[in-house]
>>> print(open('data_39.csv').read())   # CSV, C-alpha atoms
chain,number,residue,atom,x,y,z
Z,14,MET,CA,0.0,0.0,0.0
Z,15,SER,CA,1.3,3.5,-0.9
Z,16,SER,CA,1.9,5.4,2.3
Z,17,VAL,CA,3.7,8.1,4.2
Z,18,ARG,CA,5.0,6.8,7.5
Z,19,LYS,CA,6.1,9.7,9.7
Z,20,PHE,CA,9.3,9.9,11.6
Z,21,GLN,CA,8.5,9.8,15.3
Z,22,PRO,CA,11.5,9.7,17.7
Z,23,ASP,CA,10.7,8.4,21.1
Z,24,VAL,CA,11.1,10.4,24.4
Z,25,HIS,CA,14.8,9.6,24.5
Z,26,GLY,CA,15.4,10.9,20.9
Z,27,ASP,CA,15.9,7.4,19.6
Z,28,TYR,CA,14.6,6.9,16.0
Z,29,ARG,CA,11.2,5.4,15.5
Z,30,TRP,CA,8.7,5.5,12.7
Z,31,ASP,CA,4.9,5.0,12.5
Z,32,GLN,CA,4.1,1.4,11.7
Z,33,VAL,CA,7.7,0.2,12.1
Z,34,ASP,CA,8.5,-2.3,14.9
Z,35,ARG,CA,11.7,-2.1,16.8
Z,36,LEU,CA,13.2,-5.6,16.8
Z,37,GLN,CA,16.0,-7.5,18.4
Z,38,TYR,CA,19.3,-7.1,16.4
Z,39,LYS,CA,19.8,-10.9,16.6
Z,40,ALA,CA,18.8,-13.8,18.9
Z,41,GLU,CA,20.5,-13.4,22.3
Z,42,GLY,CA,23.6,-15.7,22.5
Z,43,SER,CA,23.8,-16.3,18.7
Z,44,ALA,CA,26.9,-14.0,18.4
Z,45,PRO,CA,28.6,-11.2,20.4
Z,46,PHE,CA,26.9,-7.8,20.2
Z,47,LYS,CA,25.9,-5.0,22.5
Z,48,ASP,CA,23.0,-2.5,22.8
Z,49,ILE,CA,21.8,-2.6,19.2
Z,50,THR,CA,18.3,-2.7,17.7
Z,51,ARG,CA,16.9,-3.3,14.2
Z,52,GLN,CA,14.0,-1.8,12.3
Z,53,VAL,CA,13.0,-3.0,8.8
Z,54,LEU,CA,12.0,0.2,6.9
Z,55,PHE,CA,11.4,-1.2,3.5
Z,56,ASN,CA,10.8,-4.7,2.2
Z,57,GLN,CA,9.0,-4.1,-1.1
Z,58,PRO,CA,7.5,-7.2,-2.8
Z,59,ASP,CA,9.0,-6.2,-6.2
Z,60,GLN,CA,12.5,-5.5,-4.8
Z,61,ALA,CA,15.2,-8.2,-4.1
Z,62,THR,CA,16.7,-6.1,-1.3
Z,63,GLU,CA,15.6,-4.8,2.1
Z,64,LEU,CA,16.5,-1.6,3.9
Z,65,ARG,CA,17.0,-1.9,7.6
Z,66,TYR,CA,17.8,0.8,10.3
Z,67,PHE,CA,20.2,-0.3,13.1
Z,68,GLU,CA,20.6,1.9,16.2
Z,69,VAL,CA,23.6,1.3,18.5
Z,70,ALA,CA,23.5,2.9,22.0
Z,71,PRO,CA,26.6,4.9,23.2
Z,72,GLY,CA,29.4,2.4,23.7
Z,73,GLY,CA,27.6,-0.4,21.9
Z,74,HIS,CA,28.6,-2.4,18.8
Z,75,SER,CA,27.4,-4.8,16.1
Z,76,THR,CA,28.8,-8.3,15.7
Z,77,LEU,CA,32.3,-8.7,14.2
Z,78,GLU,CA,31.5,-10.8,11.2
Z,79,ARG,CA,31.9,-11.4,7.5
Z,80,HIS,CA,29.8,-12.9,4.7
Z,81,GLN,CA,29.6,-13.3,0.9
Z,82,HIS,CA,26.9,-10.7,0.5
Z,83,THR,CA,27.8,-7.0,0.6
Z,84,HIS,CA,26.5,-4.2,2.8
Z,85,ALA,CA,25.6,-0.7,1.6
Z,86,VAL,CA,25.3,1.6,4.6
Z,87,LEU,CA,24.4,5.3,5.1
Z,88,ILE,CA,24.9,6.8,8.6
Z,89,LEU,CA,21.7,8.4,9.6
Z,90,ARG,CA,22.5,9.4,13.2
Z,91,GLY,CA,25.4,10.2,15.5
Z,92,ARG,CA,29.0,9.0,15.2
Z,93,GLY,CA,31.3,6.1,15.8
Z,94,THR,CA,33.7,3.8,14.0
Z,95,VAL,CA,33.5,1.1,11.4
Z,96,ARG,CA,36.1,-1.7,11.2
Z,97,ILE,CA,36.6,-2.8,7.6
Z,98,GLY,CA,39.2,-5.6,7.5
Z,99,THR,CA,42.2,-4.2,9.4
Z,100,ASP,CA,41.1,-0.6,9.2
Z,101,VAL,CA,39.1,1.2,11.8
Z,102,ILE,CA,37.6,4.4,10.4
Z,103,ASP,CA,35.7,7.3,12.1
Z,104,ILE,CA,32.2,7.7,10.7
Z,105,GLY,CA,29.5,10.4,11.1
Z,106,GLU,CA,26.2,11.5,9.8
Z,107,ARG,CA,25.5,10.8,6.1
Z,108,ASP,CA,28.8,9.1,5.4
Z,109,LEU,CA,28.5,6.1,3.0
Z,110,VAL,CA,30.1,2.7,3.9
Z,111,THR,CA,30.5,-0.2,1.5
Z,112,VAL,CA,31.5,-3.6,2.8
Z,113,ASP,CA,32.8,-6.1,0.2
Z,114,PRO,CA,32.3,-9.9,0.2
Z,115,LEU,CA,34.1,-11.8,3.0
Z,116,THR,CA,35.4,-8.7,4.7
Z,117,TRP,CA,35.5,-8.5,8.5
Z,118,HIS,CA,33.4,-5.6,9.6
Z,119,GLN,CA,32.0,-4.1,12.8
Z,120,PHE,CA,30.1,-0.9,13.7
Z,121,ARG,CA,30.8,0.8,17.1
Z,122,ALA,CA,29.0,3.8,18.5
Z,123,ALA,CA,31.1,6.5,20.2
Z,124,PRO,CA,31.2,6.2,24.0
Z,125,ASP,CA,29.1,9.4,24.4
Z,126,CYS,CA,26.9,9.2,21.3
Z,127,ALA,CA,24.5,6.8,19.6
Z,128,LEU,CA,25.1,5.6,16.1
Z,129,GLY,CA,22.2,4.9,13.7
Z,130,PHE,CA,22.6,3.6,10.2
Z,131,LEU,CA,20.6,2.4,7.2
Z,132,CYS,CA,21.9,-0.9,5.8
Z,133,LEU,CA,20.8,-2.3,2.4
Z,134,VAL,CA,21.2,-6.0,1.8
Z,135,SER,CA,19.9,-8.6,-0.6
Z,136,LYS,CA,16.9,-10.6,0.8
Z,137,ALA,CA,18.5,-13.8,-0.3
Z,138,ARG,CA,21.9,-13.8,1.5
Z,139,ASP,CA,24.4,-16.1,3.1
Z,140,LYS,CA,24.8,-16.5,6.9
Z,141,PRO,CA,27.4,-14.4,8.6
Z,142,GLN,CA,30.7,-16.1,9.7
Z,143,LEU,CA,32.2,-15.3,13.1
Z,144,PRO,CA,36.0,-15.1,13.5
Z,145,THR,CA,37.9,-17.9,15.2
Z,146,GLN,CA,39.8,-17.0,18.4
Z,147,ALA,CA,43.0,-16.9,16.3
Z,148,GLU,CA,41.5,-14.6,13.6
Z,149,GLN,CA,40.2,-12.3,16.3
Z,150,LEU,CA,43.6,-12.2,18.0
Z,151,GLU,CA,45.2,-11.4,14.7
Z,152,LEU,CA,42.9,-8.5,14.0
Z,153,GLU,CA,43.5,-7.1,17.6
Z,154,LYS,CA,47.3,-7.5,17.2
Z,155,ARG,CA,47.1,-5.4,14.0
Z,156,ASP,CA,45.0,-2.8,15.9
Z,157,PHE,CA,47.6,-2.7,18.6
Z,158,ALA,CA,50.4,-2.4,16.1
Z,159,ALA,CA,48.6,0.5,14.2
Z,160,THR,CA,47.9,2.3,17.5
Z,161,SER,CA,51.6,1.8,18.6
Z,162,SER,CA,52.8,3.2,15.3
Z,163,LEU,CA,50.4,6.2,15.6
Z,164,ARG,CA,51.8,6.8,19.2
Z,165,SER,CA,55.4,6.7,18.0
Z,166,GLN,CA,54.6,9.1,15.2
Z,167,GLN,CA,53.0,11.5,17.7
Z,168,ALA,CA,55.8,11.2,20.2
C,846,MET,CA,35.9,-2.1,-3.1
C,847,SER,CA,35.1,-1.7,0.6
C,848,SER,CA,35.2,2.1,1.3
C,849,VAL,CA,34.0,5.0,3.5
C,850,ARG,CA,32.9,7.9,1.3
C,851,LYS,CA,32.6,11.0,3.5
C,852,PHE,CA,29.6,13.3,3.4
C,853,GLN,CA,30.9,16.7,2.0
C,854,PRO,CA,28.1,19.3,1.5
C,855,ASP,CA,29.1,22.0,-1.0
C,856,VAL,CA,29.4,25.8,-0.1
C,857,HIS,CA,25.6,26.2,-0.5
C,858,GLY,CA,24.9,23.4,2.0
C,859,ASP,CA,23.7,21.1,-0.9
C,860,TYR,CA,24.4,17.4,-0.3
C,861,ARG,CA,27.5,15.9,-1.9
C,862,TRP,CA,29.7,12.9,-1.1
C,863,ASP,CA,33.3,11.9,-2.0
C,864,GLN,CA,33.5,10.0,-5.2
C,865,VAL,CA,29.8,10.5,-6.1
C,866,ASP,CA,28.9,12.5,-9.2
C,867,ARG,CA,26.0,14.9,-9.3
C,868,LEU,CA,24.0,14.0,-12.4
C,869,GLN,CA,21.1,15.4,-14.4
C,870,TYR,CA,17.7,14.2,-13.0
C,871,LYS,CA,16.6,13.2,-16.6
C,872,ALA,CA,17.4,14.3,-20.1
C,873,GLU,CA,16.1,17.9,-20.7
C,874,GLY,CA,12.8,17.9,-22.6
C,875,SER,CA,12.1,14.2,-21.9
C,876,ALA,CA,9.4,15.0,-19.2
C,877,PRO,CA,8.4,18.1,-17.1
C,878,PHE,CA,10.5,18.7,-14.0
C,879,LYS,CA,12.2,21.6,-12.3
C,880,ASP,CA,15.5,22.1,-10.3
C,881,ILE,CA,16.3,18.6,-9.4
C,882,THR,CA,19.6,16.6,-9.4
C,883,ARG,CA,20.4,12.9,-9.0
C,884,GLN,CA,23.3,11.1,-7.3
C,885,VAL,CA,23.7,7.3,-7.3
C,886,LEU,CA,24.9,6.4,-3.8
C,887,PHE,CA,24.9,2.6,-4.1
C,888,ASN,CA,24.8,0.3,-7.1
C,889,GLN,CA,26.3,-3.0,-5.6
C,890,PRO,CA,27.1,-5.8,-8.1
C,891,ASP,CA,25.4,-8.4,-5.9
C,892,GLN,CA,22.2,-6.3,-5.3
C,893,ALA,CA,19.3,-6.0,-7.7
C,894,THR,CA,18.4,-2.5,-6.6
C,895,GLU,CA,20.1,0.8,-6.5
C,896,LEU,CA,19.9,3.7,-4.0
C,897,ARG,CA,19.8,7.1,-5.4
C,898,TYR,CA,19.7,10.6,-3.8
C,899,PHE,CA,17.5,13.3,-5.4
C,900,GLU,CA,17.8,16.9,-4.4
C,901,VAL,CA,15.0,19.4,-5.3
C,902,ALA,CA,15.8,23.1,-5.0
C,903,PRO,CA,13.2,25.3,-3.2
C,904,GLY,CA,10.1,25.5,-5.3
C,905,GLY,CA,11.3,22.7,-7.6
C,906,HIS,CA,9.6,19.3,-8.4
C,907,SER,CA,10.1,15.9,-9.8
C,908,THR,CA,8.1,14.6,-12.8
C,909,LEU,CA,4.4,13.6,-12.3
C,910,GLU,CA,4.5,10.0,-13.4
C,911,ARG,CA,3.6,6.4,-12.7
C,912,HIS,CA,5.1,3.0,-13.4
C,913,GLN,CA,4.9,-0.7,-12.5
C,914,HIS,CA,7.9,-0.7,-10.2
C,915,THR,CA,7.6,0.7,-6.7
C,916,HIS,CA,9.6,3.4,-5.0
C,917,ALA,CA,10.9,3.2,-1.4
C,918,VAL,CA,11.8,6.7,-0.3
C,919,LEU,CA,13.4,8.2,2.9
C,920,ILE,CA,13.5,12.0,3.2
C,921,LEU,CA,17.0,13.0,4.1
C,922,ARG,CA,16.8,16.8,3.9
C,923,GLY,CA,14.3,19.6,4.2
C,924,ARG,CA,10.6,19.5,3.6
C,925,GLY,CA,7.9,19.6,0.9
C,926,THR,CA,5.0,17.5,-0.3
C,927,VAL,CA,4.5,14.3,-2.1
C,928,ARG,CA,1.5,13.5,-4.4
C,929,ILE,CA,0.4,9.9,-4.2
C,930,GLY,CA,-2.6,9.4,-6.4
C,931,THR,CA,-5.1,12.1,-5.4
C,932,ASP,CA,-3.5,12.8,-2.0
C,933,VAL,CA,-0.9,15.5,-1.5
C,934,ILE,CA,0.9,15.0,1.8
C,935,ASP,CA,3.4,17.1,3.8
C,936,ILE,CA,6.8,15.4,4.2
C,937,GLY,CA,9.8,16.2,6.3
C,938,GLU,CA,13.2,14.8,7.4
C,939,ARG,CA,13.3,11.0,7.9
C,940,ASP,CA,9.7,10.3,6.8
C,941,LEU,CA,9.2,7.1,4.8
C,942,VAL,CA,7.3,7.2,1.5
C,943,THR,CA,6.1,4.0,-0.3
C,944,VAL,CA,4.8,4.4,-3.9
C,945,ASP,CA,2.8,1.4,-5.2
C,946,PRO,CA,2.7,0.2,-8.8
C,947,LEU,CA,0.9,2.4,-11.3
C,948,THR,CA,0.3,5.2,-8.8
C,949,TRP,CA,0.7,8.8,-9.9
C,950,HIS,CA,3.3,10.5,-7.8
C,951,GLN,CA,5.3,13.7,-7.6
C,952,PHE,CA,7.7,15.2,-5.1
C,953,ARG,CA,7.8,19.0,-4.5
C,954,ALA,CA,10.2,21.1,-2.4
C,955,ALA,CA,8.6,23.8,-0.2
C,956,PRO,CA,8.9,27.3,-1.7
C,957,ASP,CA,11.6,28.3,1.0
C,958,CYS,CA,13.4,25.0,1.5
C,959,ALA,CA,15.2,22.3,-0.5
C,960,LEU,CA,13.9,18.7,-0.4
C,961,GLY,CA,16.4,15.8,-0.5
C,962,PHE,CA,15.4,12.1,-0.5
C,963,LEU,CA,16.8,8.6,-0.9
C,964,CYS,CA,15.0,6.5,-3.4
C,965,LEU,CA,15.4,2.7,-3.7
C,966,VAL,CA,14.4,1.1,-7.0
C,967,SER,CA,15.0,-2.2,-8.8
C,968,LYS,CA,17.8,-1.9,-11.4
C,969,ALA,CA,15.5,-3.7,-13.9
C,970,ARG,CA,12.4,-1.5,-14.1
C,971,ASP,CA,9.7,-0.3,-16.5
C,972,LYS,CA,9.8,3.1,-18.1
C,973,PRO,CA,7.7,5.8,-16.4
C,974,GLN,CA,4.4,6.8,-18.0
C,975,LEU,CA,3.4,10.5,-18.2
C,976,PRO,CA,-0.2,11.6,-17.7
C,977,THR,CA,-2.3,12.6,-20.7
C,978,GLN,CA,-3.7,16.1,-20.6
C,979,ALA,CA,-7.1,14.7,-19.5
C,980,GLU,CA,-5.5,12.7,-16.7
C,981,GLN,CA,-3.6,15.7,-15.5
C,982,LEU,CA,-6.7,17.9,-15.6
C,983,GLU,CA,-8.6,15.2,-13.6
C,984,LEU,CA,-5.9,15.2,-10.9
C,985,GLU,CA,-5.9,19.0,-10.7
C,986,LYS,CA,-9.7,19.1,-10.5
C,987,ARG,CA,-9.6,16.8,-7.5
C,988,ASP,CA,-6.9,19.0,-5.9
C,989,PHE,CA,-9.1,22.0,-6.4
C,990,ALA,CA,-12.2,20.1,-5.0
C,991,ALA,CA,-10.1,19.1,-2.0
C,992,THR,CA,-8.8,22.6,-1.4
C,993,SER,CA,-12.4,24.1,-1.8
C,994,SER,CA,-13.7,21.5,0.7
C,995,LEU,CA,-10.9,22.4,3.1
C,996,ARG,CA,-11.7,26.2,2.7
C,997,SER,CA,-15.4,25.6,3.4
C,998,GLN,CA,-14.6,23.6,6.5
C,999,GLN,CA,-12.3,26.4,7.7
C,1000,ALA,CA,-14.9,29.1,7.0
>>> encode(input="data_39.csv", output="structure tokens")
Amino acid sequence: MSSVRKFQPDVHGDYRWDQVDRLQYKAEGSAPFKDITRQVLFNQPDQATELRYFEVAPGGHSTLERHQHTHAVLILRGRGTVRIGTDVIDIGERDLVTVDPLTWHQFRAAPDCALGFLCLVSKARDKPQLPTQAEQLELEKRDFAATSSLRSQQA
Amino acid sequence: MSSVRKFQPDVHGDYRWDQVDRLQYKAEGSAPFKDITRQVLFNQPDQATELRYFEVAPGGHSTLERHQHTHAVLILRGRGTVRIGTDVIDIGERDLVTVDPLTWHQFRAAPDCALGFLCLVSKARDKPQLPTQAEQLELEKRDFAATSSLRSQQA
């Protein structure tokens, strides 16, 4: 049905819309994540993709994962960082993020600010893969190396 | 390629992004429209839809048209109205608009304010149809009737 669904933030300023349910991000215990919700904004019968809105509370994060399907993301609210592979990049309102196939990625809200983003995905998509402990340690080692290198450049 | 493309408004405050071209809305003379530009934000190889950003200058408008494919629209900037069939509805930032198959629709920016919106469509889609003069007159007659009815209610 053709419609206009109005933007209706809640009393805390969190993003809500008429006739859109706020859902769990994932089933509890299925993968590590923190303080994040999911709303399906568009799931048109004639379109093979769906557009979701994810909202991460201050200090929260999405799951660190990778998959064959790509993500097309537009930041709608606040700021934070995105990990793409071994890079961790600052993101803010209206920035565009593309995540390629089989690329480790994770969205984090800033400690003092929520992060809300639109995410476009194919309806038919593969299941996310989680890192092994070794893969996670490898990513964190590279983060530490990058931070140490930055510190020595600043010293 | 995985990437972060930063939001970079121009000196007038109009919305631009790194590595995104601002394009003509349509070929001049192909259909009636006024003061509107198009930017393709996402066209992922594994996705059957594309996400475009349209920006309408104050007082401008998109083409009045209809087609079999649907539109999924999120207002990103400013305010204005959308015609959906015989309804003309006020729209503002972050409102969601769905346009069903074969439904006449047109977006208009407010006289004093730009209107910018994301529009999700299937890559494979039918060509828009324009109204005949009779169809356009019929829509306008209904607008006039609705406005007259509103005036008599207010009197």
>>> calpha_fit_rmsd(input="data_39.csv", fixed="chain C", moving="chain Z")
0.1 Å
>>> residues_around(input="data_39.csv", residues="Glu68 of chain Z", least_positions_apart="3", cutoff="12 Å", atoms="all atoms listed in the file", output="ChimeraX atom specification")
/Z:26-29,35-38,47-53,65,71-75,88-93,120-122,126-132
>>> atom_distance(input="data_39.csv", atom1="atom CA of Pro144 of chain Z", atom2="atom CA of His82 of chain Z")
16.5 Å
>>> atom_distance(input="data_39.csv", atom1="atom CA of Ser847 of chain C", atom2="atom CA of Asp100 of chain Z")
10.5 Å
>>> atom_distance(input="data_39.csv", atom1="atom CA of Asp139 of chain Z", atom2="atom CA of Trp117 of chain Z")
14.5 Å
